[in-house]
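Asks: Before I ask anything, here is the structure I am working with.
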Amino acid sequence: MAASIIAAGAIWRPHCKAIRSPSIAKMLVDGGAVGITCAKVSQAAAMVSAGVKDVLIANEIVGHKKVAAMISLIPRMDRLCVACDDESNLRMISAEAEALGVTIGVLIDMNIGMNRCGIHWSKKDEIIAMSHLAEKLPGIEYRGLMGYEGHAQGVDKKDELSQLVADRLGSAKKWVEDSGLKVPLVSGSGSGNYFVSKDLGTTNEIQAGGGVLHCMQYATSMNGHDKEPDHRNSIQLACQIISLAGFDEGRAIGDAGFKTMFPSGVLPWVALVAFHVLRAQAAMYDSCHRTHTSRLASHVSRNSPRVSRLASRVSRLTVL
Ligand SMILES: Cc1ncc(COP(=O)(O)O)c(C=O)c1O
């Protein structure tokens, strides 16, 4: 992930909403990230306490209590940056930073089609005005624009939507630069489309993070694209096949723990089946484990469309 983003000329600031662990965050920084991205002040505080020095909070932080808590992190850091889409919020951040004698980076947040936070991409005057205000206010360093494109990361229309997002961010950057203000950063993108957006020439700070874990949910959002990156699962679970009683109906049962393994409801891939176990069990059905495994795989494929999709991804056998 790091290598491909850096090779494309962008910087990598992985979002840690899926990672959560400061020690993994530090590994990412050692592996080429300029710093990390967090969603909230409390997450940033945990990372800073563990020694992470450069954080973007890629959401609006509102209200005096949270703004003050955010600003209080800065003396322990090299750099803190936050997203902002509102003038009064920007003024509050500035006043807090000035009072503490520190500087905080600000990215003007744009809604580039996801309809979450951010100034709508078409509001040219507002984007320009907020950028100039951020540049002018004390205690603030204007860092550029942000537009997060969660809606462009589904398996369908990834290219089309990523391009549209890049066009919207690119236009906004041009508006601000034509008004006389340099836009150092355009920040955004996620694990589900970074391998597309990094090459579109607009987003130069890539926030994709959780994909380093390559759990099934992230894997599903990356797979099948012609630029699908070469990620590997960060963890594998060894379990035992405890029953083939339903074999004739295409069922093999593993003792892996459904609810603890994938609360998001996405089935794991079966990477490896312990063949000595299967072979012994196969003897009950067939003299040859090859026949057994292919029979089981075809039963599984026929009987469960969901597993059938997964079956095509494993070399030998998919079980439930
Ligand atoms: C603001 C923001 N940036 C980036 C991301 C991408 O994170 P990930 O790569 O873990 O999907 C997210 C995910 O929701 C996000 O909300």
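To be explicit about the labels: the chains of the structure tokens are called A, B, and onward in the order shown, and within each one the residues are counted from 1, while ligands get numbers from 1 in the order they are shown.
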So which residues are near ligand 1, meaning at most 6 Å away with only C-alpha atoms and all ligand atoms counted, given back as a VMD selection string?
Replies: chain A and resid 15 17 to 18 58 148 188 to 191 207 to 211
Asks: List the spatial neighbours of segment 103-114 of chain A as a PyMOL selection string - criterion: any atom at most 7 Å away, only C-alpha atoms, same-chain residues fewer than 3 positions off excluded.
Replies: chain A and resi 80-85+97+117-121+130-131+139-147+149-151+165+168
Asks: For the structure I just gave you, how does DSSP split segment 97-180 of chain A - specifically, which residues are strand (DSSP E)? Reply as a VMD selection string.
Replies: chain A and resid 104 to 111 119 to 120 140 to 147
Asks: Return the single residue from A:Asp78, A:Glu205, A:Glu228, A:Glu126 that is closest to Val55 of chain A, with distances computed using only C-alpha atoms.
Replies: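 Among the listed residues, A:Asp78 lies closest to Val55 of chain A.
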Asks: Taking the DSSP assignment computed from this structure's backbone, write out as an MDAnalysis selection string all residues of segment 60-287 of chain A that belong to alpha helix (DSSP H).
Replies: chainID A and resid 64:71 87:100 124:136 158:178 194:197 216:222 258:261 275:282
Asks: Excluding Ile57 of chain A and any residue of its chain fewer than 3 positions from it, enumerate the residues within 6 Å of it, using only C-alpha atoms, and give them as a PyMOL selection string.
Replies: chain A and resi 37-39+82
Asks: Report as a PyMOL selection string all protein, DNA and RNA residues lying within 10 Å of Ile242 of chain A, evaluated on only C-alpha atoms, omitting residues in the same chain fewer than 3 positions from it.
Replies: chain A and resi 239+245+252-256+277
Asks: Let's have the selection written as a PDB file, in the first residue's frame, with all heavy atoms.
Replies:
ATOM      1  N   CYS A 239      -8.815 -23.578  12.601  1.00  0.00           N
ATOM      2  CA  CYS A 239      -9.923 -24.225  13.296  1.00  0.00           C
ATOM      3  C   CYS A 239     -10.017 -25.666  12.806  1.00  0.00           C
ATOM      4  O   CYS A 239      -9.335 -26.058  11.865  1.00  0.00           O
ATOM      5  CB  CYS A 239     -11.230 -23.467  13.064  1.00  0.00           C
ATOM      6  SG  CYS A 239     -11.932 -23.687  11.433  1.00  0.00           S
ATOM      7  N   ALA A 245     -21.351 -34.452   9.144  1.00  0.00           N
ATOM      8  CA  ALA A 245     -22.620 -35.188   9.153  1.00  0.00           C
ATOM      9  C   ALA A 245     -23.562 -34.684   8.070  1.00  0.00           C
ATOM     10  O   ALA A 245     -24.372 -35.441   7.543  1.00  0.00           O
ATOM     11  CB  ALA A 245     -23.286 -35.074  10.522  1.00  0.00           C
ATOM     12  N   ALA A 252     -19.885 -28.694   5.766  1.00  0.00           N
ATOM     13  CA  ALA A 252     -18.810 -29.071   6.673  1.00  0.00           C
ATOM     14  C   ALA A 252     -18.801 -28.010   7.767  1.00  0.00           C
ATOM     15  O   ALA A 252     -18.974 -26.825   7.477  1.00  0.00           O
ATOM     16  CB  ALA A 252     -17.470 -29.078   5.944  1.00  0.00           C
ATOM     17  N   ILE A 253     -18.622 -28.416   9.000  1.00  0.00           N
ATOM     18  CA  ILE A 253     -18.748 -27.464  10.098  1.00  0.00           C
ATOM     19  C   ILE A 253     -17.400 -27.266  10.778  1.00  0.00           C
ATOM     20  O   ILE A 253     -16.759 -28.224  11.209  1.00  0.00           O
ATOM     21  CB  ILE A 253     -19.773 -27.965  11.151  1.00  0.00           C
ATOM     22  CG1 ILE A 253     -21.108 -28.306  10.489  1.00  0.00           C
ATOM     23  CG2 ILE A 253     -19.956 -26.923  12.256  1.00  0.00           C
ATOM     24  CD1 ILE A 253     -21.791 -27.160   9.768  1.00  0.00           C
ATOM     25  N   GLY A 254     -16.974 -26.000  10.867  1.00  0.00           N
ATOM     26  CA  GLY A 254     -15.735 -25.669  11.557  1.00  0.00           C
ATOM     27  C   GLY A 254     -16.038 -25.043  12.908  1.00  0.00           C
ATOM     28  O   GLY A 254     -17.054 -24.366  13.073  1.00  0.00           O
ATOM     29  N   ASP A 255     -15.120 -25.225  13.877  1.00  0.00           N
ATOM     30  CA  ASP A 255     -15.366 -24.682  15.218  1.00  0.00           C
ATOM     31  C   ASP A 255     -14.688 -23.313  15.386  1.00  0.00           C
ATOM     32  O   ASP A 255     -14.005 -23.046  16.363  1.00  0.00           O
ATOM     33  CB  ASP A 255     -14.885 -25.661  16.296  1.00  0.00           C
ATOM     34  CG  ASP A 255     -13.381 -25.916  16.215  1.00  0.00           C
ATOM     35  OD1 ASP A 255     -12.755 -25.459  15.236  1.00  0.00           O
ATOM     36  OD2 ASP A 255     -12.842 -26.560  17.132  1.00  0.00           O
ATOM     37  N   ALA A 256     -14.890 -22.457  14.392  1.00  0.00           N
ATOM     38  CA  ALA A 256     -14.159 -21.191  14.383  1.00  0.00           C
ATOM     39  C   ALA A 256     -14.836 -20.083  15.175  1.00  0.00           C
ATOM     40  O   ALA A 256     -14.185 -19.130  15.587  1.00  0.00           O
ATOM     41  CB  ALA A 256     -13.962 -20.738  12.948  1.00  0.00           C
ATOM     42  N   VAL A 277      -6.858 -34.347   8.403  1.00  0.00           N
ATOM     43  CA  VAL A 277      -8.166 -34.527   9.043  1.00  0.00           C
ATOM     44  C   VAL A 277      -9.189 -34.902   7.978  1.00  0.00           C
ATOM     45  O   VAL A 277      -9.934 -35.870   8.097  1.00  0.00           O
ATOM     46  CB  VAL A 277      -8.608 -33.229   9.762  1.00  0.00           C
ATOM     47  CG1 VAL A 277     -10.006 -33.395  10.332  1.00  0.00           C
ATOM     48  CG2 VAL A 277      -7.622 -32.872  10.847  1.00  0.00           C
TER      49      VAL A 277
END
Asks: Excluding Ala166 of chain A and any residue of its chain fewer than 5 positions from it, enumerate the residues within 9 Å of it, using only C-alpha atoms, and give them as a PyMOL selection string.
Replies: chain A and resi 112+161+171+197+200-203
Asks: Calculated over only C-alpha atoms, which of the candidates A:Ile127, A:Ser42, A:Met1, A:Gly32 has the smallest distance to Arg232 of chain A?
Replies: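 With only C-alpha atoms as the atom set, the closest residue is A:Met1.
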Asks: I'd like the neighbourhood of Asp54 of chain A as an mmCIF file with C-alpha atoms, in the first residue's frame, where a residue qualifies if any of its atoms comes within 10 Å (using only C-alpha atoms), though same-chain residues fewer than 6 positions away should be ignored.
Replies:
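The result, written out as around_19.cif:
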data_model
loop_
_atom_site.group_PDB
_atom_site.id
_atom_site.type_symbol
_atom_site.label_atom_id
_atom_site.label_comp_id
_atom_site.auth_asym_id
_atom_site.auth_seq_id
_atom_site.Cartn_x
_atom_site.Cartn_y
_atom_site.Cartn_z
ATOM 1 C CA ARG A 13 -1.801 9.019 5.907
ATOM 2 C CA VAL A 29 4.604 5.247 10.050
ATOM 3 C CA ALA A 33 3.181 6.811 6.273
ATOM 4 C CA VAL A 34 3.702 10.526 7.022
ATOM 5 C CA GLY A 35 1.379 10.169 9.981
ATOM 6 C CA ILE A 36 -2.053 8.777 10.604
ATOM 7 C CA THR A 37 -5.698 9.770 10.275
ATOM 8 C CA ALA A 44 -6.157 10.959 18.348
ATOM 9 C CA MET A 47 -2.469 7.645 19.521
ATOM 10 C CA VAL A 48 -0.607 10.728 20.761
ATOM 11 C CA ILE A 74 -0.556 19.846 20.049
ATOM 12 C CA ARG A 76 3.061 16.761 22.480
ATOM 13 C CA MET A 77 3.032 16.459 18.691
ATOM 14 C CA ASP A 78 4.906 17.450 15.557
ATOM 15 C CA ARG A 79 1.698 18.276 13.700
ATOM 16 C CA LEU A 80 -2.059 18.108 14.171
ATOM 17 C CA CYS A 81 -4.523 18.843 11.408
#
